[in-house]
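Notes to accompany the following structure.
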Amino acid sequence: ASPNEHFRRNRVWGSMSTGGSQGVRSSQDYVRKAGASAREMLIGAAARRWQVPAAECFAAKSLVTHRPTGKTLRYGELAAEAAKVAPPAEVKLRDPKDWKIAGKSVRRLDIPDKVLGKPVFGSDVALPGMLHAAIAQCPVFGGKPRNVDAQGALAMRGVKKVVREADFVAVIADSWWRADQALQKLDIDWDEGGNGTIGNEQIAAMLREGLDATGLPKARDTGNVDSAFTDAARIVEAEYSSPYLDHATLEPMTCTAWFKSDGTLETWTSTQDGEAAMAAAAEASGLPLEKIEVHKMMLGGGFGRRGFPQDFVSQGVKIAKAMPGVPVKLLWSREEDMRHGHYRPASIVRMKAGLDKQGRLVALRAKVACPSILKALLPKYLRDDGVDFTAVLGLADMPYAVAHQRVEYAARNGHVPVGFWRAPGQQNGFYRECFLDELAHAAGQDPLAYRLAMLAPDDKNRLILEATAKAAGWNSPAPRGRHRGLAVMAGFGSYAAAVAEVSVSAAGQPKVHRVVVGIDSGYVVNPDTCRAQAEGNVVYGLGPVLYQEINIRNGRVVESNFKNFRLPEMAEMPQVETVLAPTGGFWGGHGEPAILPVAPAICNAIFAATGKRVRSLPLTHHDLRRPEAI
């Protein structure tokens, strides 16, 4: 749908953002009402043509039928007349038990074209006379170009112009390759903005300072935690951490912009938010919204990175502004893309648990230190005391029945830009569920039974955990050489659990063989799509567990391409089994929930296999050899 028309018609289509696993759950109501309204309008048009009461007609399977006579008309025959019928003021939606399509797997119409390579992605856009742009931003976040010597670049074949803005330099040429080659010839003196000495060590120190701070805002504070720790029979403490992560979308950031002779601006981009892209284009161009059109192209990976397209859309518009009347396509290089992302925040969590004589959890305290995504991108959603709900997801809303709980949050935003990485806050699932496994081990109890004892019989976390464990055969022996771990985590309107089967070789090499994922989203519209989402979540969650991380050295991102930021390969993909267990009564998402329990389930299985507790990721930093093999 056109963002321009959307704006002119007073946001007729609601939100144009795809994120937060909101696609179906935020639109199902008005989309279903639109379908029901269209049905009534088609029936009304048929009744008018036949001169019969509308109550004698019904619509199904692309036909309107007159019950008494059996006469039929196709929807296509009635569409023009139906469009002139006033939409009903109120429509009655079907009860879920009467659904005829929703709840059944339906073939996606886009798959044949995708198999044949027909869809046009943002990076595929080709327009008559189009020029190409390559871009360089300061290697140190927050830096700017101080001086630029473009003489060598401008002398190269095909180069049209060098564009310098406050925070980037770009080269425009008749092909992207030539633009990128000329970019390498620029002699740029960067002002690093005072951040050129920051590295992993300084970032870790910043986060630990947050953990040691007093008077932090409390995301949750129930019972009397201090007193409960005094009375506890046993105290268990642990510190968990995880690094920055890049989205690593296969399609780098891209935007094509064209300032036309009639005073309008057209842009073509891969975006998760058409309205945000249009607003960014308006701000960068100085044109009013009604003079701007955004063509939303097929998107080669989003995962939250393209939910805030302000940087690459603004850049594309500013570059094209230097060449009015000519379309210009900006495409980031892979290195530029990986080194200028909006990264999943690095974080450290310090946890303390108090157990009674029977090993039951009676008190839990967690301190979270990490950058705030909301402060960086959506400050209006921060709590008044500065608590970012994405930073404490899964901890502040922990479902387990523990009388005394306290969760504190230390927001520590450094110079590294952060953003919404698939399932923001999902690293807390790793922290919480692995720590729960530690407590079960300390209590000498089965990890599943330990969790179930703290969940009410009708708790949806319990129901999905039981269903997933049963499907995985938790209470039966694992195949020879394999070990199991499990986890449960709610988020994005749904409840998810996972059981992982893992082996670890004598050399300490882990292999994830099988992952059973269970999801309760209330309702399921297309089971096939939901299973595909779960499989995608598993492979996306596998990389950070095994080897992915973003390191900072001298203010810069170390990783530059897939040679040092690996993606899981075919041979590493486990068998994925999806348990869809909708309990009805609510609408949850599927885009992100399945990733929430993946990392802890795998790491808990690693402990079962080796006796070694993983408290930081990725696994490449750990010696997983069994003691007898060392």
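For the structure tokens, the naming scheme is as follows: chains receive sequential letters (A, B, ...) according to their order of presentation, residues are indexed from 1 within each chain, and ligands are indexed from 1 in presentation order.
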Cut-off 12 Å: closest segment 334-366 of chain A/segment 428-444 of chain A atom pairs per residue, using only C-alpha atoms, as a Markdown table:
| residue | atom | partner | partner_atom | distance |
| --- | --- | --- | --- | --- |
| A:Pro345 | CA | A:Asn428 | CA | 11.5 |
| A:Ala346 | CA | A:Asn428 | CA | 11.3 |
| A:Ser347 | CA | A:Asn428 | CA | 9.2 |
| A:Ile348 | CA | A:Tyr431 | CA | 9.3 |
| A:Val349 | CA | A:Tyr431 | CA | 7.4 |
| A:Arg350 | CA | A:Tyr431 | CA | 9.2 |
| A:Met351 | CA | A:Phe435 | CA | 8.0 |
| A:Lys352 | CA | A:Phe435 | CA | 9.3 |
| A:Ala353 | CA | A:Leu439 | CA | 8.0 |
| A:Gly354 | CA | A:Leu439 | CA | 9.4 |
| A:Leu355 | CA | A:Ala443 | CA | 8.2 |
| A:Asp356 | CA | A:Ala443 | CA | 9.4 |
| A:Lys357 | CA | A:Ala443 | CA | 9.0 |
| A:Gln358 | CA | A:Ala443 | CA | 7.3 |
| A:Gly359 | CA | A:Ala443 | CA | 4.5 |
| A:Arg360 | CA | A:Ala443 | CA | 7.4 |
| A:Leu361 | CA | A:Leu439 | CA | 7.8 |
| A:Val362 | CA | A:Leu439 | CA | 11.2 |
| A:Ala363 | CA | A:Leu439 | CA | 11.6 |
| A:Leu364 | CA | A:Leu436 | CA | 10.4 |
| A:Arg365 | CA | A:Arg432 | CA | 11.0 |
| A:Ala366 | CA | A:Arg432 | CA | 9.2 |
Take the residues from that selection and put them in a file with C-alpha atoms, as a PDB file, in the first residue's frame.
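Output saved as selection-v5.pdb:
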ATOM      1  CA  PRO A 345      22.756  -4.333  23.324  1.00  0.00           C
ATOM      2  CA  ALA A 346      25.614  -5.944  25.179  1.00  0.00           C
ATOM      3  CA  SER A 347      24.532  -6.703  28.740  1.00  0.00           C
ATOM      4  CA  ILE A 348      25.607  -8.114  32.073  1.00  0.00           C
ATOM      5  CA  VAL A 349      23.161  -9.482  34.643  1.00  0.00           C
ATOM      6  CA  ARG A 350      24.007 -10.332  38.217  1.00  0.00           C
ATOM      7  CA  MET A 351      21.582 -12.738  39.888  1.00  0.00           C
ATOM      8  CA  LYS A 352      21.184 -13.986  43.427  1.00  0.00           C
ATOM      9  CA  ALA A 353      18.760 -16.643  44.633  1.00  0.00           C
ATOM     10  CA  GLY A 354      17.726 -17.810  48.075  1.00  0.00           C
ATOM     11  CA  LEU A 355      16.628 -21.435  48.501  1.00  0.00           C
ATOM     12  CA  ASP A 356      14.874 -23.001  51.484  1.00  0.00           C
ATOM     13  CA  LYS A 357      15.848 -26.351  53.022  1.00  0.00           C
ATOM     14  CA  GLN A 358      13.846 -28.232  50.374  1.00  0.00           C
ATOM     15  CA  GLY A 359      15.630 -26.386  47.577  1.00  0.00           C
ATOM     16  CA  ARG A 360      12.626 -24.246  46.690  1.00  0.00           C
ATOM     17  CA  LEU A 361      13.263 -20.768  45.335  1.00  0.00           C
ATOM     18  CA  VAL A 362      12.069 -18.231  47.904  1.00  0.00           C
ATOM     19  CA  ALA A 363      13.917 -15.076  46.872  1.00  0.00           C
ATOM     20  CA  LEU A 364      15.417 -13.773  43.637  1.00  0.00           C
ATOM     21  CA  ARG A 365      17.295 -10.588  42.847  1.00  0.00           C
ATOM     22  CA  ALA A 366      18.555  -9.539  39.429  1.00  0.00           C
TER      23      ALA A 366
END
Within 8 Å of segment 558-579 of chain A: each segment 251-365 of chain A residue with its shortest pair, only C-alpha atoms, as a tab-separated table:
residue	atom	partner	partner_atom	distance
A:Arg334	CA	A:Asn561	CA	6.2
A:Glu335	CA	A:Ser560	CA	4.8
A:Glu336	CA	A:Ser560	CA	7.8
A:Met338	CA	A:Ser560	CA	5.8
A:Arg339	CA	A:Ser560	CA	6.4
Output for the residues just chosen: N, CA and C atoms as a PDB file, in the first residue's frame:
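Listed below is the output, result-v8.pdb:
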ATOM      1  N   ARG A 334      28.874  -4.467   2.245  1.00  0.00           N
ATOM      2  CA  ARG A 334      28.701  -5.379   3.384  1.00  0.00           C
ATOM      3  C   ARG A 334      29.455  -4.870   4.601  1.00  0.00           C
ATOM      4  N   GLU A 335      30.665  -4.365   4.384  1.00  0.00           N
ATOM      5  CA  GLU A 335      31.471  -3.880   5.508  1.00  0.00           C
ATOM      6  C   GLU A 335      30.826  -2.664   6.165  1.00  0.00           C
ATOM      7  N   GLU A 336      30.306  -1.766   5.347  1.00  0.00           N
ATOM      8  CA  GLU A 336      29.636  -0.583   5.900  1.00  0.00           C
ATOM      9  C   GLU A 336      28.405  -0.993   6.686  1.00  0.00           C
ATOM     10  N   MET A 338      27.792  -3.914   8.229  1.00  0.00           N
ATOM     11  CA  MET A 338      28.095  -4.619   9.472  1.00  0.00           C
ATOM     12  C   MET A 338      28.698  -3.688  10.515  1.00  0.00           C
ATOM     13  N   ARG A 339      29.362  -2.650  10.074  1.00  0.00           N
ATOM     14  CA  ARG A 339      30.054  -1.754  11.006  1.00  0.00           C
ATOM     15  C   ARG A 339      29.254  -0.506  11.351  1.00  0.00           C
TER      16      ARG A 339
END
Exercise. So, counting only C-alpha atoms, which residue among A:Ser62, A:Ser372, A:Thr390, A:Gln22 is closest to Val418 of chain A?
Worked result: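 Under the stated criterion, the closest residue is A:Ser372.
If only C-alpha atoms are the atoms counted, then among A:Ile292, A:Ile595, A:Ala532, A:Leu265 the closest residue to Lys321 of chain A is A:Leu265.
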For this session: Rank nothing, just name the residue among A:Asp29, A:Asp149, A:Asp388, A:Glu77 nearest to Asp189 of chain A, using only C-alpha atoms.
Result: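 Ranking A:Asp29, A:Asp149, A:Asp388, A:Glu77 by distance to Asp189 of chain A, first place goes to A:Asp149.
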Exercise. Can you list, as a VMD selection string, every residue of segment 48-116 of chain A that DSSP puts in helix (DSSP H, G or I)?
Worked result: chain A and resid 48 to 50 54 to 56 75 to 82 96 to 98 111 to 115
Exercise. If you run DSSP on this backbone, which residues of segment 232-305 of chain A come out as strand (DSSP E or B), and could you give them as a PyMOL selection string?
Worked result: chain A and resi 234-242+244-245+254-259+265-269+273+292-296+298
Problem set entry | For Asn195 of chain A: contacts at 12 Å, only C-alpha atoms, fewer than 3 positions along chain excluded, given as a list in words |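 Once the adjacent positions are removed, what remains is Cys138, Pro139, Val140, Phe141, Gly142, Gly143, Lys144, Trp190, Asp191, Glu192, Ile198, Gly199, Gln202, Ile203, Gly414, His415, Val416, Ile552, Arg553, Asn554, Gly555 and Arg556 of chain A.
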At a cut-off of 8 Å, can you tabulate as a Markdown table every residue of segment 281-341 of chain A near segment 168-177 of chain A together with its closest atom pair and the distance in Å to one decimal, using only C-alpha atoms and ordering rows by chain then number?
| residue | atom | partner | partner_atom | distance |
| --- | --- | --- | --- | --- |
| A:Ile319 | CA | A:Ala170 | CA | 7.3 |
| A:Val328 | CA | A:Ile172 | CA | 7.8 |
| A:Leu331 | CA | A:Trp176 | CA | 7.7 |
If you keep N, CA, C and O atoms, can you produce a file of those selected residues as a short mmCIF file (atom, residue, chain, number, x, y, z; two decimals), in the first residue's frame?
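Heads up, here's the output in out26.cif:
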data_model
loop_
_atom_site.label_atom_id
_atom_site.label_comp_id
_atom_site.auth_asym_id
_atom_site.auth_seq_id
_atom_site.Cartn_x
_atom_site.Cartn_y
_atom_site.Cartn_z
N ILE A 319 21.89 12.33 -0.93
CA ILE A 319 22.80 12.08 -2.05
C ILE A 319 22.10 12.41 -3.37
O ILE A 319 22.67 13.07 -4.25
N VAL A 328 19.10 8.05 -8.16
CA VAL A 328 20.38 7.59 -7.63
C VAL A 328 20.11 6.50 -6.60
O VAL A 328 19.32 6.69 -5.67
N LEU A 331 23.65 2.04 -2.10
CA LEU A 331 23.75 0.69 -1.56
C LEU A 331 24.98 0.62 -0.66
O LEU A 331 26.09 0.90 -1.11
#
Problem set entry | Neighbour list for segment 597-613 of chain A as number ranges by chain, cut-off 9 Å, only C-alpha atoms, skip fewer than 6 positions in-chain | A: 426-427, 429-434, 437-438, 481-490, 496-504, 508, 510, 512, 515, 517, 537-538, 541-542, 544-545, 619, 623-627
